Structure formats: C-alpha cells, structure tokens
$ cat target32.pdb   # PDB, C-alpha atoms
ATOM      1  CA  MET P1343      53.130  39.450  32.403
ATOM      2  CA  ASP P1344      54.065  42.067  35.045
ATOM      3  CA  TRP P1345      51.455  40.808  37.491
ATOM      4  CA  LEU P1346      53.204  37.413  37.546
ATOM      5  CA  TRP P1347      56.397  38.972  38.931
ATOM      6  CA  GLN P1348      54.439  41.002  41.491
ATOM      7  CA  ILE P1349      52.814  37.993  43.149
ATOM      8  CA  PHE P1350      55.337  37.998  46.013
ATOM      9  CA  ASP P1351      55.375  41.797  46.408
ATOM     10  CA  PRO P1352      53.776  42.670  49.816
ATOM     11  CA  ALA P1353      52.228  45.838  48.364
ATOM     12  CA  TYR P1354      50.682  43.849  45.527
ATOM     13  CA  ILE P1355      49.373  41.210  47.947
ATOM     14  CA  GLY P1356      47.772  43.917  50.104
ATOM     15  CA  ALA P1357      46.174  45.563  47.071
ATOM     16  CA  PHE P1358      44.950  42.145  45.903
ATOM     17  CA  PHE P1359      43.138  41.451  49.191
ATOM     18  CA  THR P1360      41.675  44.971  49.219
ATOM     19  CA  GLU P1361      40.351  44.425  45.684
ATOM     20  CA  PHE P1362      39.106  40.995  46.734
ATOM     21  CA  LYS P1363      37.181  42.474  49.683
ATOM     22  CA  ASN P1364      35.641  45.241  47.583
ATOM     23  CA  GLU P1365      34.566  42.927  44.757
ATOM     24  CA  MET P1366      33.090  40.342  47.126
ATOM     25  CA  ALA P1367      30.596  42.956  48.316
ATOM     26  CA  THR P1368      28.970  43.154  44.866
ATOM     27  CA  PRO P1369      26.357  40.670  43.538
ATOM     28  CA  THR P1370      27.996  40.676  40.094
ATOM     29  CA  PHE P1371      31.150  39.182  41.637
ATOM     30  CA  TRP P1372      29.256  36.114  42.889
ATOM     31  CA  VAL P1373      27.402  35.747  39.588
ATOM     32  CA  ALA P1374      30.786  35.685  37.833
ATOM     33  CA  VAL P1375      32.122  33.156  40.378
ATOM     34  CA  GLY P1376      29.130  30.946  39.597
ATOM     35  CA  LYS P1377      29.890  31.221  35.877
ATOM     36  CA  ILE P1378      33.527  30.192  36.414
ATOM     37  CA  ILE P1379      32.565  27.210  38.594
ATOM     38  CA  TRP P1380      29.949  26.068  36.075
ATOM     39  CA  ILE P1381      32.371  26.420  33.161
ATOM     40  CA  ASN P1382      35.034  24.406  34.995
ATOM     41  CA  VAL P1383      32.597  21.679  35.977
ATOM     42  CA  LEU P1384      31.445  21.334  32.369
ATOM     43  CA  LEU P1385      34.909  21.450  30.811
ATOM     44  CA  SER P1386      36.908  19.523  33.419
ATOM     45  CA  GLY P1387      35.269  16.102  33.364
ATOM     46  CA  ASP P1388      38.222  14.724  31.409
ATOM     47  CA  ASN P1389      40.668  16.290  33.889
ATOM     48  CA  ALA P1390      38.877  14.622  36.806
ATOM     49  CA  LEU P1391      39.005  11.312  34.965
ATOM     50  CA  VAL P1392      42.776  11.691  34.423
ATOM     51  CA  ILE P1393      43.294  12.355  38.144
ATOM     52  CA  ALA P1394      41.321   9.231  39.058
ATOM     53  CA  LEU P1395      43.128   7.059  36.520
ATOM     54  CA  ALA P1396      46.611   8.360  37.413
ATOM     55  CA  CYS P1397      46.037   7.650  41.115
ATOM     56  CA  ARG P1398      44.331   4.276  40.749
ATOM     57  CA  GLY P1399      47.613   2.364  41.131
ATOM     58  CA  LEU P1400      48.565   4.003  44.439
ATOM     59  CA  ALA P1401      48.089   2.469  47.862
ATOM     60  CA  PRO P1402      44.759   3.495  49.454
ATOM     61  CA  ARG P1403      46.446   5.872  51.935
ATOM     62  CA  GLN P1404      48.424   7.588  49.155
ATOM     63  CA  ARG P1405      45.542   7.773  46.687
ATOM     64  CA  LEU P1406      43.795  10.636  48.508
ATOM     65  CA  TRP P1407      47.043  12.594  48.830
ATOM     66  CA  GLY P1408      47.768  12.081  45.157
ATOM     67  CA  MET P1409      44.388  13.551  44.233
ATOM     68  CA  ILE P1410      44.747  16.463  46.694
ATOM     69  CA  LEU P1411      48.315  17.401  45.704
ATOM     70  CA  GLY P1412      47.599  16.946  42.003
ATOM     71  CA  ALA P1413      44.510  19.150  42.240
ATOM     72  CA  ALA P1414      46.380  21.803  44.271
ATOM     73  CA  ALA P1415      49.170  21.986  41.692
ATOM     74  CA  ALA P1416      46.568  22.120  38.916
ATOM     75  CA  VAL P1417      44.805  25.061  40.630
ATOM     76  CA  LEU P1418      48.067  27.025  41.026
ATOM     77  CA  LEU P1419      49.213  26.487  37.439
ATOM     78  CA  ARG P1420      45.758  27.177  36.036
ATOM     79  CA  VAL P1421      45.523  30.484  37.943
ATOM     80  CA  ILE P1422      48.920  31.526  36.522
ATOM     81  CA  PHE P1423      48.119  30.482  32.940
ATOM     82  CA  THR P1424      44.632  32.008  33.057
ATOM     83  CA  GLY P1425      46.056  35.265  34.391
ATOM     84  CA  ILE P1426      48.538  35.361  31.504
ATOM     85  CA  VAL P1427      45.772  34.734  28.956
ATOM     86  CA  ALA P1428      43.539  37.351  30.612
ATOM     87  CA  SER P1429      46.301  39.973  30.408
ATOM     88  CA  LEU P1430      47.064  39.120  26.779
ATOM     89  CA  MET P1431      43.385  39.522  25.869
ATOM     90  CA  GLU P1432      43.752  43.276  26.301
ATOM     91  CA  LEU P1433      45.722  43.353  23.029
ATOM     92  CA  PRO P1434      43.819  44.055  19.767
ATOM     93  CA  TYR P1435      42.348  41.028  17.953
ATOM     94  CA  LEU P1436      43.302  38.535  20.709
ATOM     95  CA  LYS P1437      39.811  38.717  22.222
ATOM     96  CA  LEU P1438      38.459  38.091  18.727
ATOM     97  CA  VAL P1439      40.637  34.978  18.397
ATOM     98  CA  GLY P1440      39.788  33.886  21.945
ATOM     99  CA  GLY P1441      36.070  34.353  21.312
ATOM    100  CA  LEU P1442      36.174  32.289  18.112
ATOM    101  CA  ALA P1443      38.133  29.570  19.935
ATOM    102  CA  LEU P1444      35.532  29.662  22.714
ATOM    103  CA  ILE P1445      32.748  29.093  20.167
ATOM    104  CA  VAL P1446      34.520  25.929  18.981
ATOM    105  CA  ILE P1447      35.069  24.812  22.598
ATOM    106  CA  ALA P1448      31.396  25.386  23.424
ATOM    107  CA  ALA P1449      30.189  23.531  20.322
ATOM    108  CA  LYS P1450      32.518  20.607  21.087
ATOM    109  CA  LEU P1451      30.948  20.387  24.539
ATOM    110  CA  LEU P1452      27.783  19.069  22.845
ATOM    111  CA  VAL P1453      29.652  16.301  20.993
ATOM    112  CA  PRO P1454      29.775  12.910  22.755
ATOM    113  CA  GLU P1455      33.302  11.637  23.328
ATOM    114  CA  GLN P1456      34.758   8.206  23.896
ATOM    115  CA  GLU P1457      37.056   8.033  26.912
ATOM    116  CA  ASP P1458      40.248   6.048  26.448
ATOM    117  CA  GLU P1459      41.383   4.786  29.846
ATOM    118  CA  ASP P1460      44.383   2.958  28.393
ATOM    119  CA  SER P1461      45.915   6.285  27.344
ATOM    120  CA  VAL P1462      46.475   7.266  31.008
ATOM    121  CA  HIS P1463      49.047   5.241  32.917
ATOM    122  CA  ALA P1464      48.537   4.449  36.578
ATOM    123  CA  ALA P1465      51.447   5.707  38.698
ATOM    124  CA  SER P1466      53.184   3.412  41.164
ATOM    125  CA  HIS P1467      54.163   6.108  43.693
ATOM    126  CA  LEU P1468      52.784   9.412  44.949
ATOM    127  CA  TRP P1469      54.991  11.979  43.195
ATOM    128  CA  ALA P1470      54.746  10.166  39.881
ATOM    129  CA  ALA P1471      50.947  10.412  40.158
ATOM    130  CA  VAL P1472      51.162  14.137  40.954
ATOM    131  CA  GLN P1473      53.446  14.641  37.947
ATOM    132  CA  ILE P1474      51.018  12.818  35.629
ATOM    133  CA  VAL P1475      48.099  14.892  36.922
ATOM    134  CA  VAL P1476      49.952  18.214  36.537
ATOM    135  CA  VAL P1477      51.253  17.479  33.023
ATOM    136  CA  ALA P1478      47.853  16.193  31.878
ATOM    137  CA  ASP P1479      46.100  19.234  33.329
ATOM    138  CA  ILE P1480      48.445  21.609  31.487
ATOM    139  CA  VAL P1481      47.913  19.794  28.186
ATOM    140  CA  MET P1482      44.152  19.387  28.541
ATOM    141  CA  SER P1483      43.180  22.724  30.103
ATOM    142  CA  LEU P1484      43.564  25.184  27.216
ATOM    143  CA  ASP P1485      39.783  25.286  26.779
ATOM    144  CA  ASN P1486      39.264  25.907  30.508
ATOM    145  CA  VAL P1487      41.885  28.662  30.534
ATOM    146  CA  ILE P1488      40.338  30.523  27.590
ATOM    147  CA  ALA P1489      36.787  30.196  28.943
ATOM    148  CA  VAL P1490      37.642  31.205  32.514
ATOM    149  CA  ALA P1491      39.800  34.138  31.377
ATOM    150  CA  ALA P1492      36.848  35.384  29.336
ATOM    151  CA  ALA P1493      34.371  34.928  32.207
ATOM    152  CA  ALA P1494      36.668  36.651  34.730
ATOM    153  CA  ASN P1495      37.099  39.662  32.425
ATOM    154  CA  GLY P1496      40.535  40.501  33.832
ATOM    155  CA  SER P1497      39.658  40.180  37.547
ATOM    156  CA  VAL P1498      42.419  38.293  39.382
ATOM    157  CA  PRO P1499      40.287  37.741  42.543
ATOM    158  CA  LEU P1500      37.655  36.087  40.362
ATOM    159  CA  LEU P1501      40.282  33.803  38.826
ATOM    160  CA  VAL P1502      41.662  32.759  42.193
ATOM    161  CA  LEU P1503      38.333  32.167  43.947
ATOM    162  CA  GLY P1504      36.545  30.569  40.997
ATOM    163  CA  LEU P1505      39.369  28.132  40.235
ATOM    164  CA  ALA P1506      40.155  27.435  43.893
ATOM    165  CA  ILE P1507      36.537  26.370  44.460
ATOM    166  CA  SER P1508      35.831  24.550  41.221
ATOM    167  CA  VAL P1509      38.906  22.334  40.740
ATOM    168  CA  PRO P1510      38.731  20.614  44.180
ATOM    169  CA  LEU P1511      34.960  20.342  43.696
ATOM    170  CA  ILE P1512      35.544  18.484  40.446
ATOM    171  CA  VAL P1513      38.107  16.150  42.019
ATOM    172  CA  ALA P1514      35.981  15.417  45.081
ATOM    173  CA  GLY P1515      32.747  14.861  43.203
ATOM    174  CA  ALA P1516      33.893  13.756  39.748
ATOM    175  CA  ALA P1517      31.679  10.671  39.649
ATOM    176  CA  LEU P1518      28.640  12.524  41.006
ATOM    177  CA  ILE P1519      29.120  15.452  38.610
ATOM    178  CA  MET P1520      29.502  13.188  35.587
ATOM    179  CA  ALA P1521      26.393  11.217  36.593
ATOM    180  CA  LEU P1522      24.436  14.459  37.046
ATOM    181  CA  LEU P1523      25.457  15.773  33.624
ATOM    182  CA  THR P1524      24.528  12.414  32.083
ATOM    183  CA  LYS P1525      21.103  12.389  33.759
ATOM    184  CA  LEU P1526      20.427  16.046  32.974
ATOM    185  CA  PRO P1527      21.934  16.764  29.543
ATOM    186  CA  VAL P1528      20.059  20.085  29.515
ATOM    187  CA  LEU P1529      22.785  21.356  31.887
ATOM    188  CA  VAL P1530      25.399  20.688  29.208
ATOM    189  CA  TRP P1531      23.328  22.531  26.589
ATOM    190  CA  ALA P1532      22.792  25.414  29.001
ATOM    191  CA  GLY P1533      26.532  25.499  29.694
ATOM    192  CA  ALA P1534      27.300  25.566  25.987
ATOM    193  CA  ALA P1535      24.848  28.453  25.600
ATOM    194  CA  LEU P1536      26.582  30.292  28.455
ATOM    195  CA  LEU P1537      29.944  29.847  26.733
ATOM    196  CA  GLY P1538      28.398  31.088  23.478
ATOM    197  CA  TRP P1539      27.143  34.221  25.268
ATOM    198  CA  ILE P1540      30.596  34.821  26.796
ATOM    199  CA  ALA P1541      32.279  34.231  23.410
ATOM    200  CA  GLY P1542      30.058  36.798  21.696
ATOM    201  CA  ASP P1543      30.612  39.311  24.491
ATOM    202  CA  VAL P1544      34.400  38.758  24.362
ATOM    203  CA  ILE P1545      34.445  39.366  20.595
ATOM    204  CA  ALA P1546      32.310  42.502  21.002
ATOM    205  CA  THR P1547      34.703  43.983  23.586
ATOM    206  CA  ASP P1548      37.874  43.368  21.563
ATOM    207  CA  PRO P1549      39.737  46.713  21.280
ATOM    208  CA  ALA P1550      39.733  46.390  17.484
ATOM    209  CA  VAL P1551      36.083  45.292  17.177
ATOM    210  CA  HIS P1552      34.341  47.499  19.758
ATOM    211  CA  PRO P1553      34.789  50.861  17.942
ATOM    212  CA  LYS P1554      33.513  49.349  14.674
ATOM    213  CA  LEU P1555      30.522  47.876  16.509
ATOM    214  CA  ASN P1556      29.692  51.245  18.061
ATOM    215  CA  ALA P1557      30.001  52.934  14.654
ATOM    216  CA  LEU P1558      27.665  50.348  13.104
ATOM    217  CA  PHE P1559      24.865  51.007  15.601
ATOM    218  CA  ALA P1560      25.475  54.754  16.002
ATOM    219  CA  GLY P1561      23.637  55.535  12.746
ATOM    220  CA  PRO P1562      20.143  54.851  11.410
ATOM    221  CA  LEU P1563      20.317  51.121  12.214
ATOM    222  CA  GLY P1564      20.764  51.792  15.933
ATOM    223  CA  ALA P1565      18.019  54.434  15.889
ATOM    224  CA  ARG P1566      15.553  52.029  14.267
ATOM    225  CA  LEU P1567      16.405  49.275  16.751
ATOM    226  CA  ASP P1568      15.998  51.664  19.695
ATOM    227  CA  SER P1569      12.664  52.803  18.296
ATOM    228  CA  TRP P1570      11.518  49.179  18.118
ATOM    229  CA  LEU P1571      12.680  48.496  21.691
ATOM    230  CA  THR P1572      10.816  51.584  22.908
ATOM    231  CA  SER P1573       7.644  50.410  21.157
ATOM    232  CA  ILE P1574       7.671  47.144  23.147
ATOM    233  CA  GLY P1575       8.353  48.899  26.450
ATOM    234  CA  MET P1576      12.130  48.404  26.676
ATOM    235  CA  SER P1577      14.809  51.054  27.152
ATOM    236  CA  PRO P1578      17.043  52.037  24.182
ATOM    237  CA  GLN P1579      20.269  50.050  23.972
ATOM    238  CA  PHE P1580      22.005  50.859  20.693
ATOM    239  CA  ALA P1581      22.428  54.571  19.990
ATOM    240  CA  HIS P1582      24.719  56.847  22.023
ATOM    241  CA  SER P1583      27.312  54.089  22.672
ATOM    242  CA  GLY P1584      24.877  51.741  24.416
ATOM    243  CA  ASN P1585      25.626  48.073  25.043
ATOM    244  CA  GLY P1586      23.142  46.790  22.476
ATOM    245  CA  GLY P1587      25.977  45.729  20.161
ATOM    246  CA  GLU P1588      27.535  43.572  22.879
ATOM    247  CA  ILE P1589      24.161  41.988  23.679
ATOM    248  CA  THR P1590      23.526  41.319  19.982
ATOM    249  CA  LEU P1591      26.858  39.544  19.518
ATOM    250  CA  ALA P1592      26.373  37.614  22.769
ATOM    251  CA  VAL P1593      22.970  36.330  21.585
ATOM    252  CA  LEU P1594      24.478  35.576  18.175
ATOM    253  CA  GLY P1595      27.194  33.593  19.983
ATOM    254  CA  ILE P1596      24.525  31.421  21.615
ATOM    255  CA  VAL P1597      22.804  30.797  18.270
ATOM    256  CA  VAL P1598      26.077  29.930  16.491
ATOM    257  CA  VAL P1599      27.238  27.577  19.270
ATOM    258  CA  LEU P1600      23.947  25.679  19.457
ATOM    259  CA  LEU P1601      23.691  25.451  15.664
ATOM    260  CA  ILE P1602      27.277  24.270  15.118
ATOM    261  CA  GLY P1603      27.104  21.996  18.160
ATOM    262  CA  SER P1604      23.879  20.359  16.954
ATOM    263  CA  ILE P1605      25.320  19.677  13.484
ATOM    264  CA  TRP P1606      28.605  18.428  14.955
ATOM    265  CA  ARG P1607      26.745  16.211  17.435
ATOM    266  CA  ARG P1608      24.537  14.625  14.755
ATOM    267  CA  HIS P1609      27.591  13.921  12.613
ATOM    268  CA  ALA P1610      29.444  12.304  15.550
ATOM    269  CA  LEU P1611      26.461  10.150  16.516
ATOM    270  CA  ARG P1612      25.960   9.057  12.904
ATOM    271  CA  LYS P1613      29.651   8.174  12.621
ATOM    272  CA  ALA P1614      29.576   6.212  15.891
ATOM    273  CA  LYS P1615      26.473   4.344  14.737
ATOM    274  CA  HIS P1616      28.119   3.337  11.457
ATOM    275  CA  ALA P1617      31.280   2.257  13.314
ATOM    276  CA  ALA P1618      29.210   0.101  15.662
ATOM    277  CA  LYS P1619      27.459  -1.559  12.735
ATOM    278  CA  ALA P1620      30.797  -2.237  11.006
ATOM    279  CA  ALA P1621      32.158  -3.847  14.167
TER     280      ALA P1621
END

$ encode --input "target32.pdb" --output "structure tokens"
Amino acid sequence: MDWLWQIFDPAYIGAFFTEFKNEMATPTFWVAVGKIIWINVLLSGDNALVIALACRGLAPRQRLWGMILGAAAAVLLRVIFTGIVASLMELPYLKLVGGLALIVIAAKLLVPEQEDEDSVHAASHLWAAVQIVVVADIVMSLDNVIAVAAAANGSVPLLVLGLAISVPLIVAGAALIMALLTKLPVLVWAGAALLGWIAGDVIATDPAVHPKLNALFAGPLGARLDSWLTSIGMSPQFAHSGNGGEITLAVLGIVVVLLIGSIWRRHALRKAKHAAKAA
C-alpha cells in the first residue's frame, strides 16, 4: 500500500521514470507488455460492451467524450487496483489463491456467454455515462486485475504501459476485436493457455510454495528428470534450485485450464441447446 501514497512524491516519480527507461531497453519488458495487452483484450470484451451501451443514449458529440473519459477513469482505477493486488501477492499463500482464481478465470474464458443488453442502462448525460462506465469497470474487472498483476510480476511500469495501451485499444476497436475473436476462436484458446501458464507460474513462485517445490526436485526426482533432459539434448532444469519446478507447474496450469475449460464449455453448450429446445 505504501506505493499508493508515494505516487505524488517527486522522488518516487523520478525513480519510476528511471525504472521505466531501464526496463524498456529489455526485450522481456515488451514481451510482458504484449502479454498484458492480450490478456486485457481477451478479458475486457464485456467492459467494452458496457461502455458502448452506457454511452448509446448520449448525443453524438458527447458519445465520444463519454467513451474517452470513461476509459481514462477505468485505466487510472485499474492501475491503482492492480498495483494493490500486485503488492499483496508478495504475502505467503496469496499467489497460490491468485493462481487458482486465475485458472478459473482462464477456464471461464472458453465458456460461451449470453450478453444481456437490458442490464446496462443508457445514460442521458455525459457524467452519468462516465459514472456507469467507471462503476461497471470496477465491478467487472476483478479477473483483469488478477491476471494483469500476475503477468506484470510486480513491475509498476509494466502495469501502467500495458493498461494504458490496452484499455483505449479495447474501447476504440471493441467491435473489430470481438469480430476477430469470433472468427478466430483459436486466439481465445491460446489466450486461455497463456493464462494457465501464468497461473501455474504464479503458484510456483508463492513464498510458501516455492521452497517446497525446490525441496521436491532437489532430490532423486530432480536428478532423474535432469538426466532425461540431458539425454534428449536439453540443459538440466531441476536440480540445484533450477526453474524446472516453475516450468512444470506452468505447463500443468495450461493442461488444467484447457481440460476444465473444455468440460465447462461442453456443459454450457449442452445446457443452451436444451434451453433452446424447451423454448
């Protein structure tokens, strides 16, 4: 929570921009930015729909401003909330809980949903529309916050840049993005797999889980796995505190997400089919 009070401290702002400049020079920074943008695009379709529906009752000249101001407020609040979640994840077992929640979020991404336009009221004036957008974004963005906090891995510059790019992108191209995801459902499955990987990695790096994971692979099991990797021409990953445990849980996260998501999706489609027949 301390970083929240330091936002307006000139020394903190200077250190932030120095960190920003240093991180931007590394390829891993831009890979992480890409992850955050992709996660937000996949998880924010409903948020974009809310913005469009809330602003549909405004005059044409006010409609654009409603979308811009609503998105700007959403970016600011999401950066703050994601930063809080990212700082809390340093506590024992919270990464474990966040990772398990992320698995559910990723699996749900594969389940078709029915949009209810009547549940979002059209505002009659600009500030009412902004208020609807902000409140809806707070209520609906818990999944985004958890996923982005995990992908950023505690880096505030990543949070700011990733969210600042992705949220306006979603607002500006909501219809195009939704059409693209509908035409290419493989992108949704790939996004769910990415979230599964991040979830497994988050669980593996939990302060309470990581030592146990290292202990598990420090013995004969890790030695046998390293021997097998060496036999197929790969470098050892498990013994001597390697990152093989994190990779194993990340891959397991992908498998669990795709398995649960597939079962959940089939159940939802079967239920929708029966409902359609009954109607």

$ closest_residue --input "target32.pdb" --among "P:Ala1618, P:Ile1381, P:Ile1602, P:Ala1428" --to "Asn1495 of chain P" --atoms "only C-alpha atoms"
P:Ala1428

$ closest_residue --input "target32.pdb" --among "P:Ser1577, P:Thr1590, P:Ser1497, P:Ser1569" --to "Asp1543 of chain P" --atoms "all atoms listed in the file"
P:Thr1590

$ atom_distance --input "target32.pdb" --atom1 "atom CA of Ile1422 of chain P" --atom2 "atom CA of Trp1380 of chain P"
19.7 Å

$ residues_around --input "target32.pdb" --residues "segment 1438-1447 of chain P" --least-positions-apart "4" --cutoff "8 Å" --atoms "all atoms listed in the file" --output "ChimeraX atom specification"
/P:1431,1451,1485,1488-1489,1537-1538,1540-1542,1544-1546,1548,1551,1595,1598-1599

$ closest_residue --input "target32.pdb" --among "P:Ala1617, P:Leu1611, P:Ile1426, P:Leu1555" --to "Val1487 of chain P" --atoms "all atoms listed in the file"
P:Ile1426

$ closest_residue --input "target32.pdb" --among "P:Leu1558, P:Ala1491, P:Ile1507, P:Ala1534" --to "Leu1430 of chain P" --atoms "only C-alpha atoms"
P:Ala1491

$ resolve_selection --input "target32.pdb" --expression "the PyMOL selection byres ((chain P and resi 1563-1568) around 12)" --output "mmCIF file with C-alpha atoms, keeping the file's coordinate frame"
data_model
loop_
_atom_site.group_PDB
_atom_site.id
_atom_site.type_symbol
_atom_site.label_atom_id
_atom_site.label_comp_id
_atom_site.auth_asym_id
_atom_site.auth_seq_id
_atom_site.Cartn_x
_atom_site.Cartn_y
_atom_site.Cartn_z
ATOM 1 C CA LEU P 1555 30.522 47.876 16.509
ATOM 2 C CA ASN P 1556 29.692 51.245 18.061
ATOM 3 C CA ALA P 1557 30.001 52.934 14.654
ATOM 4 C CA LEU P 1558 27.665 50.348 13.104
ATOM 5 C CA PHE P 1559 24.865 51.007 15.601
ATOM 6 C CA ALA P 1560 25.475 54.754 16.002
ATOM 7 C CA GLY P 1561 23.637 55.535 12.746
ATOM 8 C CA PRO P 1562 20.143 54.851 11.410
ATOM 9 C CA SER P 1569 12.664 52.803 18.296
ATOM 10 C CA TRP P 1570 11.518 49.179 18.118
ATOM 11 C CA LEU P 1571 12.680 48.496 21.691
ATOM 12 C CA THR P 1572 10.816 51.584 22.908
ATOM 13 C CA SER P 1573 7.644 50.410 21.157
ATOM 14 C CA ILE P 1574 7.671 47.144 23.147
ATOM 15 C CA GLY P 1575 8.353 48.899 26.450
ATOM 16 C CA MET P 1576 12.130 48.404 26.676
ATOM 17 C CA SER P 1577 14.809 51.054 27.152
ATOM 18 C CA PRO P 1578 17.043 52.037 24.182
ATOM 19 C CA GLN P 1579 20.269 50.050 23.972
ATOM 20 C CA PHE P 1580 22.005 50.859 20.693
ATOM 21 C CA ALA P 1581 22.428 54.571 19.990
ATOM 22 C CA HIS P 1582 24.719 56.847 22.023
ATOM 23 C CA SER P 1583 27.312 54.089 22.672
ATOM 24 C CA GLY P 1584 24.877 51.741 24.416
ATOM 25 C CA ASN P 1585 25.626 48.073 25.043
ATOM 26 C CA GLY P 1586 23.142 46.790 22.476
ATOM 27 C CA GLY P 1587 25.977 45.729 20.161
ATOM 28 C CA THR P 1590 23.526 41.319 19.982
#

$ atom_distance --input "target32.pdb" --atom1 "atom CA of Ala1592 of chain P" --atom2 "atom CA of Ala1550 of chain P"
16.8 Å

$ atom_distance --input "target32.pdb" --atom1 "atom CA of Val1530 of chain P" --atom2 "atom CA of Gly1425 of chain P"
25.8 Å

$ residues_around --input "target32.pdb" --residues "Asn1486 of chain P" --least-positions-apart "5" --cutoff "10 Å" --atoms "only C-alpha atoms" --output "ChimeraX atom specification"
/P:1378,1381-1386,1420,1424,1444,1447,1479,1491-1492,1505

$ closest_residue --input "target32.pdb" --among "P:Leu1536, P:Val1373, P:Ile1605, P:Leu1468" --to "Arg1403 of chain P" --atoms "all atoms listed in the file"
P:Leu1468

$ closest_residue --input "target32.pdb" --among "P:Asn1364, P:Pro1402, P:Trp1469, P:Thr1547" --to "Leu1436 of chain P" --atoms "all atoms listed in the file"
P:Thr1547

$ resolve_selection --input "target32.pdb" --expression "the PyMOL selection byres ((chain P and resi 1500) around 12)" --output "number ranges by chain"
P: 1358-1359, 1361-1366, 1370-1379, 1421, 1424-1425, 1428, 1490-1499, 1501-1508

$ residues_around --input "target32.pdb" --residues "segment 1406-1411 of chain P" --least-positions-apart "6" --cutoff "7 Å" --atoms "all atoms listed in the file" --output "PyMOL selection string"
chain P and resi 1393+1397+1468+1471-1472

$ build_atoms --input "target32.pdb" --residues "segment 1529-1536 of chain P" --atoms "all heavy atoms" --output "PDB file, in the coordinates of the input"
ATOM      1  N   LEU P1529      21.754  20.540  31.243  1.00  0.00           N
ATOM      2  CA  LEU P1529      22.785  21.356  31.887  1.00  0.00           C
ATOM      3  C   LEU P1529      23.972  21.578  30.953  1.00  0.00           C
ATOM      4  O   LEU P1529      24.586  22.647  30.958  1.00  0.00           O
ATOM      5  CB  LEU P1529      23.251  20.690  33.184  1.00  0.00           C
ATOM      6  CG  LEU P1529      22.220  20.585  34.310  1.00  0.00           C
ATOM      7  CD1 LEU P1529      22.817  19.864  35.512  1.00  0.00           C
ATOM      8  CD2 LEU P1529      21.725  21.972  34.715  1.00  0.00           C
ATOM      9  N   VAL P1530      24.302  20.555  30.162  1.00  0.00           N
ATOM     10  CA  VAL P1530      25.399  20.688  29.208  1.00  0.00           C
ATOM     11  C   VAL P1530      25.026  21.696  28.119  1.00  0.00           C
ATOM     12  O   VAL P1530      25.825  22.553  27.730  1.00  0.00           O
ATOM     13  CB  VAL P1530      25.751  19.319  28.595  1.00  0.00           C
ATOM     14  CG1 VAL P1530      26.873  19.468  27.570  1.00  0.00           C
ATOM     15  CG2 VAL P1530      26.168  18.336  29.690  1.00  0.00           C
ATOM     16  N   TRP P1531      23.792  21.593  27.619  1.00  0.00           N
ATOM     17  CA  TRP P1531      23.328  22.531  26.589  1.00  0.00           C
ATOM     18  C   TRP P1531      23.279  23.952  27.139  1.00  0.00           C
ATOM     19  O   TRP P1531      23.663  24.905  26.448  1.00  0.00           O
ATOM     20  CB  TRP P1531      21.957  22.106  26.077  1.00  0.00           C
ATOM     21  CG  TRP P1531      22.010  20.901  25.183  1.00  0.00           C
ATOM     22  CD1 TRP P1531      22.023  19.594  25.569  1.00  0.00           C
ATOM     23  CD2 TRP P1531      22.079  20.895  23.756  1.00  0.00           C
ATOM     24  NE1 TRP P1531      22.091  18.757  24.476  1.00  0.00           N
ATOM     25  CE2 TRP P1531      22.120  19.533  23.347  1.00  0.00           C
ATOM     26  CE3 TRP P1531      22.090  21.884  22.784  1.00  0.00           C
ATOM     27  CZ2 TRP P1531      22.191  19.148  22.010  1.00  0.00           C
ATOM     28  CZ3 TRP P1531      22.154  21.503  21.448  1.00  0.00           C
ATOM     29  CH2 TRP P1531      22.205  20.160  21.065  1.00  0.00           C
ATOM     30  N   ALA P1532      22.830  24.089  28.387  1.00  0.00           N
ATOM     31  CA  ALA P1532      22.792  25.414  29.001  1.00  0.00           C
ATOM     32  C   ALA P1532      24.206  25.957  29.191  1.00  0.00           C
ATOM     33  O   ALA P1532      24.459  27.156  28.999  1.00  0.00           O
ATOM     34  CB  ALA P1532      22.068  25.347  30.349  1.00  0.00           C
ATOM     35  N   GLY P1533      25.137  25.076  29.551  1.00  0.00           N
ATOM     36  CA  GLY P1533      26.532  25.499  29.694  1.00  0.00           C
ATOM     37  C   GLY P1533      27.134  25.923  28.371  1.00  0.00           C
ATOM     38  O   GLY P1533      27.884  26.910  28.299  1.00  0.00           O
ATOM     39  N   ALA P1534      26.814  25.191  27.320  1.00  0.00           N
ATOM     40  CA  ALA P1534      27.300  25.566  25.987  1.00  0.00           C
ATOM     41  C   ALA P1534      26.735  26.915  25.578  1.00  0.00           C
ATOM     42  O   ALA P1534      27.433  27.756  24.991  1.00  0.00           O
ATOM     43  CB  ALA P1534      26.911  24.492  24.967  1.00  0.00           C
ATOM     44  N   ALA P1535      25.460  27.154  25.908  1.00  0.00           N
ATOM     45  CA  ALA P1535      24.848  28.453  25.600  1.00  0.00           C
ATOM     46  C   ALA P1535      25.532  29.571  26.380  1.00  0.00           C
ATOM     47  O   ALA P1535      25.775  30.669  25.849  1.00  0.00           O
ATOM     48  CB  ALA P1535      23.354  28.421  25.927  1.00  0.00           C
ATOM     49  N   LEU P1536      25.867  29.305  27.653  1.00  0.00           N
ATOM     50  CA  LEU P1536      26.582  30.292  28.455  1.00  0.00           C
ATOM     51  C   LEU P1536      27.934  30.635  27.831  1.00  0.00           C
ATOM     52  O   LEU P1536      28.319  31.813  27.734  1.00  0.00           O
ATOM     53  CB  LEU P1536      26.782  29.760  29.880  1.00  0.00           C
ATOM     54  CG  LEU P1536      27.693  30.599  30.792  1.00  0.00           C
ATOM     55  CD1 LEU P1536      27.114  31.994  31.008  1.00  0.00           C
ATOM     56  CD2 LEU P1536      27.928  29.882  32.123  1.00  0.00           C
TER      57      LEU P1536
END
